[in-house]
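Have a look at the structure below before the remarks.
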Amino acid sequence: MTNFKQFFQSTIGRKLIMSMTGLFLCLFLIVHLGGNLTLFAGDDGYTFNIYAHFMTHFIPVEIISYALYISILVHAWYALMLTVKNRQARPVKYAVASKAPVKWASLNMGLLGSIIFLFLVIHMSNFWGRYKFTAGTYREYRKDLLTGNITSAVYKPVAPNFEYSVSTVNDTEIVRVKDLYVIVTQSFSLWWYSLLYLVAMAAVAYHMYHGFQSAFRTAGLVHKKYTPVIQATGIWLFAVIIPLAFASMPIAFYIKSLL
């Protein structure tokens with residue numbers, strides 16, 4: 001037990017914990033992006049609001065969500081400890097800073113991580129916090145099951161503690177749900193919030209540029225046949241495609257607010 005504790009207090013153990021929590025957060029990014037892309041469904045938030053309700057009320061998903069929050073905190077804490085330890089070991093900076101993206105990302109993981117963590121605190125309090133812990137607004141969607149046409153209107157619940165309802169009347173599905181879509185629309189209509197989101201996505205891109213492949217190396221998953229695939233996945237999927245997809249949301253909604 002003592003050896004086990006000493007291992008996870010060592011630099012190698014801390015890096016291993018960071019790699020495991022980091023890879024778990026990578027999986028979350030994929031799932032989160034898939035859900036958020038429903039913002040572009042063009043149905044006035046119908047699909048997105050149903051998705052948001054499911055993600056915040058389905059017990060297994062809620063359990064995974066709390067595991068996610070713990071992983072973020074553990075990842076950030078161990079990153080801080082490693083950054084402090086590395087600076088204590090080398091108090092003098094390198095004379096020449098490399099301009100290579102992967103090298104720059106490697107030397108500035110603490111800065112990138114701090115930007116991302118600050119963004120997460122603001123982002124979660126603005127979206128998740130407001131959605132879960134404020135009265136908020138509700139929306140009623142009426143979907144014609146024969147044509148697929150959807151109409152919506154603001155809904156004012158009569159019953160206290162109302163959360164969600166779905167019913168069918170004469171081939172019309174009626175969904176009443178808390179409106180997270182309006183919070184997204186309002187937030188991304190603010191130039192400073194959209195800019196903050198874009199800066200955070202740039203930080204995510206650089207963080208993942210180095211972090212994804214580094215996590216596999218730390219875990220000892222290095223092979224001449226598979227390492228190039230891991231590197232390509234880290235660069236193109238996690239450092240390019242995913243950050244750009246997330247960045248498209250504030251850009252699209254901010255432009256829409258100006259029209």
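Every chain in the structure tokens has a letter given in the order shown (A, B, ...), and although residue numbers restart at 1 in each chain, ligands are simply numbered from 1 in the order shown.
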
Dump as a tab-separated table the rows for residues of stretch 110-209 of chain A within 10 Å of stretch 33-45 of chain A: closest atom pair and distance in Å with one decimal, only C-alpha atoms counted, ordered by chain and rising residue number.
residue	atom	partner	partner_atom	distance
A:Arg139	CA	A:Gly45	CA	9.1
A:Tyr141	CA	A:Asp44	CA	9.0
A:Asn149	CA	A:Asp43	CA	8.9
A:Ile150	CA	A:Asp43	CA	6.8
A:Thr151	CA	A:Asp43	CA	8.3
A:Ser152	CA	A:Asp44	CA	7.3
A:Ala153	CA	A:Asp44	CA	9.7
A:Asp179	CA	A:Gly45	CA	7.9
A:Leu180	CA	A:Gly45	CA	8.1
A:Tyr181	CA	A:Gly45	CA	5.4
A:Val182	CA	A:Gly45	CA	8.0
A:Val184	CA	A:Leu39	CA	8.9
A:Thr185	CA	A:Leu39	CA	9.6

Exercise: A:Val158 partners within 12 Å, only C-alpha atoms, chain neighbours under 4 positions left out, as a list in words: Tyr138, Phe162, Glu163 and Arg176 of chain A

Fewer than 6 positions away in the same chain doesn't count, so skip those; otherwise give me all residues within 12 Å of stretch 123-126 of chain A, counting only C-alpha atoms, as number ranges by chain. A: 69, 115-117, 132-134, 180, 183-184, 186-188, 193-194, 196-197, 200

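You will find atom CA of A:Lys85 at 27.8 Å from atom CA of A:Ile235.
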
Could you go through stretch 31-245 of chain A and tell me which residues DSSP, when run on the backbone, assigns to alpha helix (DSSP H), listing them as a PyMOL selection string? chain A and resi 31-36+46-57+59-89+101-107+109-124+130-133+181-187+191-218+227-232+242-245

Selection from above, C-alpha atoms, as a compact mmCIF listing (two decimals), in the first residue's frame, can you write it?
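Wrote it out as part_24.txt, contents follow:
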# COMPACT_ATOMS: atom_id res chain seq x y z
CA VAL A 31 -19.67 13.24 -26.97
CA HIS A 32 -20.13 16.88 -26.00
CA LEU A 33 -19.45 18.04 -29.54
CA GLY A 34 -21.96 15.56 -30.96
CA GLY A 35 -24.67 16.91 -28.67
CA ASN A 36 -23.79 20.55 -29.24
CA TYR A 46 -36.13 21.39 -30.26
CA THR A 47 -33.43 18.70 -30.62
CA PHE A 48 -30.89 20.54 -28.47
CA ASN A 49 -33.29 21.14 -25.57
CA ILE A 50 -34.37 17.50 -25.53
CA TYR A 51 -30.70 16.48 -25.58
CA ALA A 52 -29.93 18.90 -22.70
CA HIS A 53 -32.77 17.51 -20.60
CA PHE A 54 -31.63 13.92 -21.22
CA MET A 55 -28.02 14.72 -20.31
CA THR A 56 -29.03 16.36 -17.02
CA HIS A 57 -31.75 13.94 -15.89
CA ILE A 59 -29.07 8.92 -13.90
CA PRO A 60 -26.23 6.96 -15.61
CA VAL A 61 -25.27 10.08 -17.57
CA GLU A 62 -25.37 12.19 -14.41
CA ILE A 63 -23.01 9.73 -12.69
CA ILE A 64 -20.60 9.95 -15.62
CA SER A 65 -20.91 13.74 -15.49
CA TYR A 66 -19.78 13.83 -11.85
CA ALA A 67 -16.89 11.52 -12.76
CA LEU A 68 -16.07 14.07 -15.45
CA TYR A 69 -16.06 16.97 -12.96
CA ILE A 70 -13.76 15.01 -10.65
CA SER A 71 -11.46 14.20 -13.58
CA ILE A 72 -11.22 17.89 -14.51
CA LEU A 73 -10.26 18.83 -10.96
CA VAL A 74 -7.77 15.97 -10.59
CA HIS A 75 -6.24 16.73 -13.99
CA ALA A 76 -5.90 20.42 -13.14
CA TRP A 77 -4.49 19.74 -9.65
CA TYR A 78 -1.82 17.32 -10.83
CA ALA A 79 -0.96 19.63 -13.72
CA LEU A 80 -0.41 22.44 -11.22
CA MET A 81 1.80 20.27 -9.02
CA LEU A 82 3.90 19.13 -11.99
CA THR A 83 4.24 22.68 -13.31
CA VAL A 84 5.41 23.97 -9.91
CA LYS A 85 7.83 21.08 -9.52
CA ASN A 86 9.26 21.60 -13.02
CA ARG A 87 9.80 25.31 -12.40
CA GLN A 88 11.50 24.59 -9.10
CA ALA A 89 13.78 22.13 -10.85
CA PRO A 101 3.91 24.37 -32.42
CA VAL A 102 4.34 21.04 -30.67
CA LYS A 103 7.38 22.30 -28.74
CA TRP A 104 5.65 25.57 -27.82
CA ALA A 105 2.58 23.64 -26.65
CA SER A 106 4.78 21.30 -24.60
CA LEU A 107 6.52 24.21 -22.84
CA MET A 109 0.87 23.32 -21.10
CA GLY A 110 0.44 25.05 -17.74
CA LEU A 111 -0.63 28.33 -19.38
CA LEU A 112 -2.93 26.56 -21.83
CA GLY A 113 -4.45 24.46 -19.08
CA SER A 114 -5.06 27.55 -16.93
CA ILE A 115 -6.91 29.29 -19.77
CA ILE A 116 -9.04 26.19 -20.37
CA PHE A 117 -9.80 25.74 -16.66
CA LEU A 118 -10.83 29.39 -16.26
CA PHE A 119 -13.04 29.07 -19.33
CA LEU A 120 -14.66 25.91 -17.97
CA VAL A 121 -15.55 27.63 -14.70
CA ILE A 122 -17.18 30.55 -16.56
CA HIS A 123 -18.77 28.30 -19.17
CA MET A 124 -20.28 25.82 -16.72
CA ARG A 130 -28.11 28.62 -14.94
CA TYR A 131 -29.87 25.63 -16.47
CA LYS A 132 -29.80 23.49 -13.32
CA PHE A 133 -30.21 26.02 -10.53
CA TYR A 181 -31.21 27.01 -26.33
CA VAL A 182 -32.21 30.56 -25.42
CA ILE A 183 -29.30 30.79 -22.96
CA VAL A 184 -26.91 29.71 -25.72
CA THR A 185 -28.42 32.24 -28.12
CA GLN A 186 -28.16 35.07 -25.61
CA SER A 187 -24.61 34.18 -24.56
CA TRP A 191 -19.07 39.68 -28.51
CA TRP A 192 -16.87 39.29 -25.42
CA TYR A 193 -18.30 35.88 -24.54
CA SER A 194 -17.91 34.64 -28.11
CA LEU A 195 -14.34 35.94 -28.14
CA LEU A 196 -13.61 34.20 -24.82
CA TYR A 197 -14.98 30.98 -26.30
CA LEU A 198 -12.74 31.30 -29.39
CA VAL A 199 -9.64 31.98 -27.26
CA ALA A 200 -10.47 28.90 -25.17
CA MET A 201 -10.83 26.77 -28.31
CA ALA A 202 -7.42 27.97 -29.52
CA ALA A 203 -6.00 26.92 -26.15
CA VAL A 204 -7.75 23.54 -26.46
CA ALA A 205 -6.23 23.07 -29.92
CA TYR A 206 -2.67 23.68 -28.71
CA HIS A 207 -3.26 21.71 -25.51
CA MET A 208 -4.48 18.70 -27.47
CA TYR A 209 -1.72 19.08 -30.09
CA HIS A 210 0.75 17.96 -27.46
CA GLY A 211 -1.43 16.41 -24.76
CA PHE A 212 -3.16 13.62 -26.70
CA GLN A 213 -0.04 11.89 -27.98
CA SER A 214 1.80 12.64 -24.73
CA ALA A 215 -0.89 10.76 -22.77
CA PHE A 216 -0.27 7.60 -24.79
CA ARG A 217 3.50 7.90 -24.36
CA THR A 218 3.11 8.33 -20.60
CA THR A 227 2.20 5.83 -32.87
CA PRO A 228 1.85 7.65 -36.24
CA VAL A 229 -1.90 6.93 -36.14
CA ILE A 230 -2.12 8.28 -32.59
CA GLN A 231 -0.18 11.39 -33.58
CA ALA A 232 -2.37 12.00 -36.63
CA ILE A 242 -12.96 19.38 -32.78
CA PRO A 243 -11.79 22.91 -31.80
CA LEU A 244 -12.94 24.29 -35.18
CA ALA A 245 -16.33 22.61 -34.80

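In this model, the gap between atom CA of A:Gly234 and atom CA of A:Ser248 comes to 19.7 Å.
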
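Those residues of stretch 43-196 of chain A that DSSP, working from the backbone, places in strand (DSSP E or B) are Tyr138, Arg139, Glu140, Tyr141, Arg142, Lys143, Asp144, Ile150, Thr151, Ser152, Ala153, Val154, Tyr155, Tyr164, Ser165, Val166, Ser167, Thr168, Val169, Thr172, Glu173, Ile174, Val175, Arg176, Val177 and Lys178 of chain A.
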
Keeping N, CA and C atoms for every residue in the selection just given, could you write it to a file as a CSV table (one decimal), in the first residue's frame?
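Output file result37.csv follows:
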chain,number,residue,atom,x,y,z
A,138,TYR,N,-39.1,28.2,-20.3
A,138,TYR,CA,-39.5,26.9,-20.9
A,138,TYR,C,-40.1,27.2,-22.3
A,139,ARG,N,-40.0,26.1,-23.1
A,139,ARG,CA,-40.5,26.2,-24.4
A,139,ARG,C,-41.4,25.0,-24.7
A,140,GLU,N,-42.5,25.3,-25.5
A,140,GLU,CA,-43.4,24.2,-25.9
A,140,GLU,C,-43.2,24.0,-27.4
A,141,TYR,N,-42.9,22.8,-27.8
A,141,TYR,CA,-42.7,22.4,-29.2
A,141,TYR,C,-43.9,21.5,-29.7
A,142,ARG,N,-44.5,21.9,-30.8
A,142,ARG,CA,-45.5,21.0,-31.4
A,142,ARG,C,-45.0,20.5,-32.7
A,143,LYS,N,-44.8,19.2,-32.8
A,143,LYS,CA,-44.3,18.5,-34.0
A,143,LYS,C,-45.4,17.7,-34.7
A,144,ASP,N,-45.6,18.1,-35.9
A,144,ASP,CA,-46.6,17.3,-36.7
A,144,ASP,C,-45.9,16.0,-37.1
A,150,ILE,N,-42.2,21.6,-37.2
A,150,ILE,CA,-42.2,21.9,-35.8
A,150,ILE,C,-42.5,23.4,-35.6
A,151,THR,N,-43.4,23.7,-34.6
A,151,THR,CA,-43.6,25.1,-34.2
A,151,THR,C,-43.3,25.2,-32.7
A,152,SER,N,-42.9,26.4,-32.3
A,152,SER,CA,-42.6,26.5,-30.9
A,152,SER,C,-43.1,27.8,-30.3
A,153,ALA,N,-43.2,27.9,-29.0
A,153,ALA,CA,-43.7,29.1,-28.3
A,153,ALA,C,-43.2,29.0,-26.9
A,154,VAL,N,-43.1,30.1,-26.2
A,154,VAL,CA,-42.8,30.2,-24.8
A,154,VAL,C,-43.8,29.5,-24.0
A,155,TYR,N,-43.4,28.7,-23.0
A,155,TYR,CA,-44.4,28.0,-22.2
A,155,TYR,C,-44.2,28.4,-20.7
A,164,TYR,N,-40.3,18.6,-17.4
A,164,TYR,CA,-40.4,18.1,-18.8
A,164,TYR,C,-41.7,17.3,-18.9
A,165,SER,N,-42.3,17.4,-20.1
A,165,SER,CA,-43.5,16.6,-20.4
A,165,SER,C,-43.5,16.4,-21.9
A,166,VAL,N,-44.0,15.2,-22.3
A,166,VAL,CA,-44.2,14.9,-23.7
A,166,VAL,C,-45.6,14.2,-23.9
A,167,SER,N,-46.4,14.6,-24.8
A,167,SER,CA,-47.7,13.9,-25.1
A,167,SER,C,-48.0,14.0,-26.6
A,168,THR,N,-49.0,13.2,-27.0
A,168,THR,CA,-49.4,13.2,-28.4
A,168,THR,C,-50.9,13.4,-28.5
A,169,VAL,N,-51.2,14.4,-29.3
A,169,VAL,CA,-52.7,14.8,-29.5
A,169,VAL,C,-52.9,14.9,-31.0
A,172,THR,N,-50.0,15.0,-33.3
A,172,THR,CA,-49.1,16.1,-33.0
A,172,THR,C,-48.4,15.8,-31.6
A,173,GLU,N,-47.1,15.8,-31.7
A,173,GLU,CA,-46.3,15.5,-30.5
A,173,GLU,C,-46.1,16.9,-29.8
A,174,ILE,N,-46.4,17.0,-28.5
A,174,ILE,CA,-46.2,18.2,-27.7
A,174,ILE,C,-45.1,18.0,-26.7
A,175,VAL,N,-44.0,18.7,-26.8
A,175,VAL,CA,-42.9,18.6,-25.9
A,175,VAL,C,-42.8,19.9,-25.1
A,176,ARG,N,-42.8,19.9,-23.8
A,176,ARG,CA,-42.5,21.1,-23.0
A,176,ARG,C,-41.3,20.8,-22.2
A,177,VAL,N,-40.3,21.7,-22.3
A,177,VAL,CA,-39.0,21.5,-21.8
A,177,VAL,C,-38.3,22.8,-21.4
A,178,LYS,N,-37.4,22.7,-20.5
A,178,LYS,CA,-36.6,23.9,-20.1
A,178,LYS,C,-35.8,24.3,-21.3

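For the choices A:Met249, A:Ala219, A:Ala239, A:Leu190, the atom-to-atom distance to A:Ile12 is smallest for A:Ala219 when using only C-alpha atoms.
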
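Of note, atom CA of A:Leu221 and atom CA of A:Leu23 are spaced 12.6 Å apart.
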
For A:Ser189, please output as an NGL selection string all residues within 8 Å (counting only C-alpha atoms; exclusion window: fewer than 6 positions along the same chain). :A and (250 or 253-255 or 257-258)
